[in-house]
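Structure data follow from model.pdb (PDB, C-alpha atoms):
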ATOM      1  CA  MET A 542    -103.927  53.892  62.802
ATOM      2  CA  ASN A 543    -107.177  55.785  62.189
ATOM      3  CA  ILE A 544    -109.541  54.399  59.564
ATOM      4  CA  MET A 545    -112.550  56.412  58.442
ATOM      5  CA  VAL A 546    -115.487  54.064  57.857
ATOM      6  CA  VAL A 547    -118.491  55.147  55.781
ATOM      7  CA  SER A 548    -121.461  53.468  54.167
ATOM      8  CA  ASP A 549    -124.738  54.088  52.433
ATOM      9  CA  ASP A 550    -124.251  57.612  51.111
ATOM     10  CA  HIS A 551    -126.449  56.714  48.119
ATOM     11  CA  GLY A 552    -125.000  59.334  45.792
ATOM     12  CA  ARG A 553    -125.234  62.257  48.185
ATOM     13  CA  ASP A 554    -122.038  64.263  48.325
ATOM     14  CA  ASP A 555    -121.437  64.638  52.074
ATOM     15  CA  PHE A 556    -118.155  62.722  52.029
ATOM     16  CA  GLU A 557    -115.972  65.822  51.729
ATOM     17  CA  GLN A 558    -117.586  67.389  54.803
ATOM     18  CA  ALA A 559    -117.331  64.112  56.737
ATOM     19  CA  TYR A 560    -113.672  63.693  55.807
ATOM     20  CA  ALA A 561    -112.907  67.267  56.927
ATOM     21  CA  LEU A 562    -114.632  66.579  60.256
ATOM     22  CA  ALA A 563    -112.676  63.360  60.745
ATOM     23  CA  ARG A 564    -109.405  65.167  59.993
ATOM     24  CA  LYS A 565    -110.316  67.939  62.424
ATOM     25  CA  GLU A 566    -111.072  65.443  65.189
ATOM     26  CA  PHE A 567    -108.223  62.980  64.592
ATOM     27  CA  SER A 568    -105.721  65.097  62.613
ATOM     28  CA  VAL A 569    -104.519  61.979  60.766
ATOM     29  CA  ILE A 570    -106.718  59.569  58.856
ATOM     30  CA  ASP A 571    -104.685  56.689  57.406
ATOM     31  CA  ALA A 572    -107.268  54.961  55.207
ATOM     32  CA  VAL A 573    -110.941  55.007  54.236
ATOM     33  CA  ILE A 574    -113.257  52.008  54.059
ATOM     34  CA  HIS A 575    -116.638  52.240  52.331
ATOM     35  CA  ALA A 576    -119.151  49.478  53.105
ATOM     36  CA  GLY A 577    -121.223  49.976  49.961
ATOM     37  CA  ASP A 578    -124.145  51.804  48.407
ATOM     38  CA  THR A 579    -122.072  54.620  46.969
ATOM     39  CA  GLY A 580    -124.780  55.359  44.441
ATOM     40  CA  ARG A 581    -123.579  57.462  41.553
ATOM     41  CA  PHE A 582    -119.963  57.799  42.728
ATOM     42  CA  ASP A 583    -117.065  55.621  41.745
ATOM     43  CA  ASN A 584    -113.985  55.148  43.888
ATOM     44  CA  SER A 585    -112.123  58.032  42.239
ATOM     45  CA  PHE A 586    -114.638  60.511  43.710
ATOM     46  CA  TYR A 587    -113.557  59.553  47.237
ATOM     47  CA  GLU A 588    -109.886  59.112  46.390
ATOM     48  CA  ASN A 589    -109.721  62.615  44.874
ATOM     49  CA  ILE A 590    -111.047  64.080  48.127
ATOM     50  CA  CYS A 591    -108.952  62.147  50.623
ATOM     51  CA  GLY A 592    -105.890  61.062  48.632
ATOM     52  CA  LEU A 593    -105.633  57.947  50.812
ATOM     53  CA  SER A 594    -105.810  54.209  50.517
ATOM     54  CA  PHE A 595    -109.486  53.679  49.727
ATOM     55  CA  TYR A 596    -111.240  50.330  50.050
ATOM     56  CA  ALA A 597    -114.834  49.763  48.941
ATOM     57  CA  VAL A 598    -117.311  46.958  48.457
ATOM     58  CA  ALA A 599    -120.426  46.950  46.321
ATOM     59  CA  GLY A 600    -123.775  47.323  48.023
ATOM     60  CA  ASN A 601    -127.198  46.217  46.870
ATOM     61  CA  ASN A 602    -127.707  49.570  45.093
ATOM     62  CA  ASP A 603    -124.292  49.679  43.427
ATOM     63  CA  PHE A 604    -123.546  48.767  39.843
ATOM     64  CA  ASN A 605    -119.797  49.188  39.932
ATOM     65  CA  ASN A 606    -116.880  46.775  39.776
ATOM     66  CA  ASN A 607    -116.200  46.770  43.517
ATOM     67  CA  PRO A 608    -116.105  43.302  45.062
ATOM     68  CA  ARG A 609    -118.925  42.067  47.325
ATOM     69  CA  ILE A 610    -116.445  41.166  50.063
ATOM     70  CA  LEU A 611    -112.931  42.333  50.943
ATOM     71  CA  MET A 612    -110.349  41.105  53.408
ATOM     72  CA  ILE A 613    -107.948  43.854  54.463
ATOM     73  CA  PRO A 614    -104.987  43.387  56.843
ATOM     74  CA  PHE A 615    -104.350  46.347  59.159
ATOM     75  CA  GLU A 616    -102.128  46.503  62.232
ATOM     76  CA  GLY A 617    -102.009  42.728  62.629
ATOM     77  CA  ARG A 618    -105.775  42.334  62.272
ATOM     78  CA  GLN A 619    -107.875  40.966  59.461
ATOM     79  CA  ILE A 620    -110.852  43.144  58.544
ATOM     80  CA  LEU A 621    -113.731  41.673  56.562
ATOM     81  CA  VAL A 622    -115.751  44.300  54.688
ATOM     82  CA  THR A 623    -119.127  43.575  53.114
ATOM     83  CA  HIS A 624    -122.310  45.542  52.608
ATOM     84  CA  GLY A 625    -124.349  43.067  54.630
ATOM     85  CA  HIS A 626    -127.433  42.622  52.481
ATOM     86  CA  ARG A 627    -126.458  39.023  51.731
ATOM     87  CA  TYR A 628    -125.998  38.258  55.432
ATOM     88  CA  ASP A 629    -129.490  38.997  56.795
ATOM     89  CA  VAL A 630    -128.137  41.867  58.927
ATOM     90  CA  TYR A 631    -131.612  43.156  59.785
ATOM     91  CA  ASN A 632    -131.911  40.048  61.956
ATOM     92  CA  GLY A 633    -128.539  40.257  63.679
ATOM     93  CA  THR A 634    -124.893  39.484  63.059
ATOM     94  CA  ASP A 635    -124.932  35.665  63.243
ATOM     95  CA  ARG A 636    -124.262  35.139  59.544
ATOM     96  CA  LEU A 637    -121.543  37.798  59.604
ATOM     97  CA  TYR A 638    -119.990  36.019  62.580
ATOM     98  CA  TYR A 639    -119.769  32.778  60.595
ATOM     99  CA  ALA A 640    -118.313  34.635  57.610
ATOM    100  CA  ALA A 641    -115.705  36.122  59.937
ATOM    101  CA  MET A 642    -114.821  32.664  61.285
ATOM    102  CA  GLU A 643    -114.576  31.200  57.766
ATOM    103  CA  ASN A 644    -112.287  34.035  56.625
ATOM    104  CA  GLY A 645    -110.185  34.448  59.767
ATOM    105  CA  ALA A 646    -111.461  37.985  60.376
ATOM    106  CA  ASP A 647    -111.038  39.840  63.657
ATOM    107  CA  ILE A 648    -113.246  42.778  62.642
ATOM    108  CA  VAL A 649    -116.307  42.878  60.385
ATOM    109  CA  ILE A 650    -117.374  46.156  58.793
ATOM    110  CA  PHE A 651    -120.793  46.261  57.164
ATOM    111  CA  GLY A 652    -123.583  48.637  56.185
ATOM    112  CA  HIS A 653    -127.071  48.199  54.722
ATOM    113  CA  THR A 654    -129.168  48.863  57.856
ATOM    114  CA  HIS A 655    -128.205  52.569  57.987
ATOM    115  CA  VAL A 656    -128.041  52.264  61.784
ATOM    116  CA  PRO A 657    -124.745  52.840  63.622
ATOM    117  CA  PHE A 658    -123.723  49.678  65.451
ATOM    118  CA  HIS A 659    -120.645  48.524  67.320
ATOM    119  CA  HIS A 660    -120.290  45.283  69.229
ATOM    120  CA  LYS A 661    -117.209  43.444  70.377
ATOM    121  CA  ASP A 662    -117.259  39.904  71.689
ATOM    122  CA  SER A 663    -114.390  37.598  72.550
ATOM    123  CA  GLU A 664    -113.770  36.616  68.924
ATOM    124  CA  VAL A 665    -115.124  39.240  66.530
ATOM    125  CA  GLU A 666    -115.750  42.976  66.527
ATOM    126  CA  PHE A 667    -118.630  44.297  64.395
ATOM    127  CA  LEU A 668    -118.928  47.839  63.071
ATOM    128  CA  ASN A 669    -121.656  49.473  61.022
ATOM    129  CA  PRO A 670    -120.994  53.215  60.553
ATOM    130  CA  GLY A 671    -124.653  53.980  59.772
ATOM    131  CA  SER A 672    -125.586  56.075  56.751
ATOM    132  CA  LEU A 673    -123.718  59.113  55.505
ATOM    133  CA  ALA A 674    -126.934  60.038  53.680
ATOM    134  CA  GLY A 675    -129.035  60.092  56.843
ATOM    135  CA  ILE A 676    -131.625  57.814  55.300
ATOM    136  CA  ARG A 677    -133.921  56.042  57.813
ATOM    137  CA  THR A 678    -132.421  57.563  60.971
ATOM    138  CA  ARG A 679    -132.239  61.177  59.730
ATOM    139  CA  GLU A 680    -128.756  61.330  61.222
ATOM    140  CA  LYS A 681    -125.786  61.447  58.866
ATOM    141  CA  THR A 682    -123.248  59.188  60.521
ATOM    142  CA  PHE A 683    -119.862  57.625  59.929
ATOM    143  CA  ALA A 684    -117.193  56.178  62.197
ATOM    144  CA  VAL A 685    -113.488  56.311  62.835
ATOM    145  CA  LEU A 686    -111.901  53.011  63.809
ATOM    146  CA  THR A 687    -108.650  53.433  65.706
ATOM    147  CA  LEU A 688    -106.340  50.427  65.786
ATOM    148  CA  SER A 689    -103.421  50.205  68.178
ATOM    149  CA  ASP A 690    -101.287  47.324  69.394
ATOM    150  CA  GLU A 691    -103.343  47.084  72.571
ATOM    151  CA  ASP A 692    -106.916  47.745  71.502
ATOM    152  CA  THR A 693    -109.454  49.019  69.019
ATOM    153  CA  LYS A 694    -111.648  52.043  69.538
ATOM    154  CA  VAL A 695    -114.651  53.256  67.590
ATOM    155  CA  LYS A 696    -115.982  56.789  67.533
ATOM    156  CA  PHE A 697    -119.238  57.515  65.765
ATOM    157  CA  MET A 698    -119.386  60.939  64.191
ATOM    158  CA  TYR A 699    -122.371  63.008  63.055
ATOM    159  CA  LEU A 700    -122.713  65.657  60.363
TER     160      LEU A 700
END
Using structure tokens, write down the structure from this file.
Amino acid sequence: MNIMVVSDDHGRDDFEQAYALARKEFSVIDAVIHAGDTGRFDNSFYENICGLSFYAVAGNNDFNNNPRILMIPFEGRQILVTHGHRYDVYNGTDRLYYAAMENGADIVIFGHTHVPFHHKDSEVEFLNPGSLAGIRTREKTFAVLTLSDEDTKVKFMYL
């Protein structure tokens, strides 16, 4: 299963180009997760482009009805999705780790810092796809999370 993971596009419309790149690289994308700060777009904007299962949380710059936290089961794993601004992510992943333990999550997807990040320890895997808007790092990034029975893989992609 290939899951496209995006965050922090802040109303810029690079999602269609990113989705096309992900499809070119992986041929099949099974779902899309957005870790918040969509800006002016609602979920239908993304769903109309990809036509897939689309999961999104609200970020600190969003005023939509998306939840602040989601738990999504995929391939026998529990994925916790949050924007991260309420978890002090600029100072590490400790608070996200505890949220993962409280919710029984195997993988935590978050945004907010705009910096691509992937770390896997013995209990939890953390993924921040960076910013599709290229704010702060000047690199427009997203990720594809591949789940299989044996392992997880993350590939960061750049526009």
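Atom CA of Asn601 of chain A is positioned 19.7 Å from atom CA of Ser585 of chain A.
Counting all atoms listed in the file, the residue from A:Phe658, A:Phe604, A:Tyr596, A:Tyr699 that sits nearest to Lys681 of chain A is A:Tyr699.
Going from atom CA of Asp571 of chain A over to atom CA of Pro608 of chain A, you cover 21.5 Å.
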Matched chain/residue IDs from the PyMOL selection byres ((chain A and resi 623-633) around 9), as a PyMOL selection string: chain A and resi 548-549+575-578+597-601+608-611+621-622+634-637+640+649-654
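Taking atom CA of Leu686 of chain A and atom CA of His655 of chain A as endpoints, the distance between them is 17.3 Å.
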Centre and edge lengths of an axis-aligned box around all listed atoms of segment 614-626 of chain A, with 8 Å added on each side, are to be given in Å to one decimal, as AutoDock Vina command-line options.
--center_x -114.7 --center_y 43.7 --center_z 57.6 --size_x 41.4 --size_y 21.5 --size_z 26.1
Explicit residues for the PyMOL selection byres ((chain A and resi 570) around 9) (as a PyMOL selection string): chain A and resi 542-545+560+563-564+567-569+571-573+591+593+685
Contacts of His660 of chain A at 12 Å (only C-alpha atoms; same-chain gap of 5+ positions) as a count of residues only: 15
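Proximity of A:Ser594, A:Val547, A:Met698, A:Asp647 to Asp662 of chain A, computed with all atoms listed in the file, is greatest for A:Asp647.
Look at Ile590 of chain A: the protein and nucleic acid residues within 10 Å of it, using all atoms listed in the file and passing over chain neighbours fewer than 2 places away, are Phe556, Glu557, Gln558, Tyr560, Ala561, Ser585, Phe586, Tyr587, Glu588, Gly592 and Leu593 of chain A.
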Top pick for closest residue to Gln619 of chain A, considering A:Thr687, A:Asn606, A:Thr682, A:Asn644 and counting only C-alpha atoms: A:Asn644
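Among the candidate residues A:Phe595, A:Phe582, A:Phe697, A:Tyr639, the one lying nearest to Asp555 of chain A is A:Phe582, with distances computed using all atoms listed in the file.
The closest residue to Gly552 of chain A, picked from A:Met612, A:Gly617, A:Arg581, A:Lys661 and counting only C-alpha atoms, is A:Arg581.
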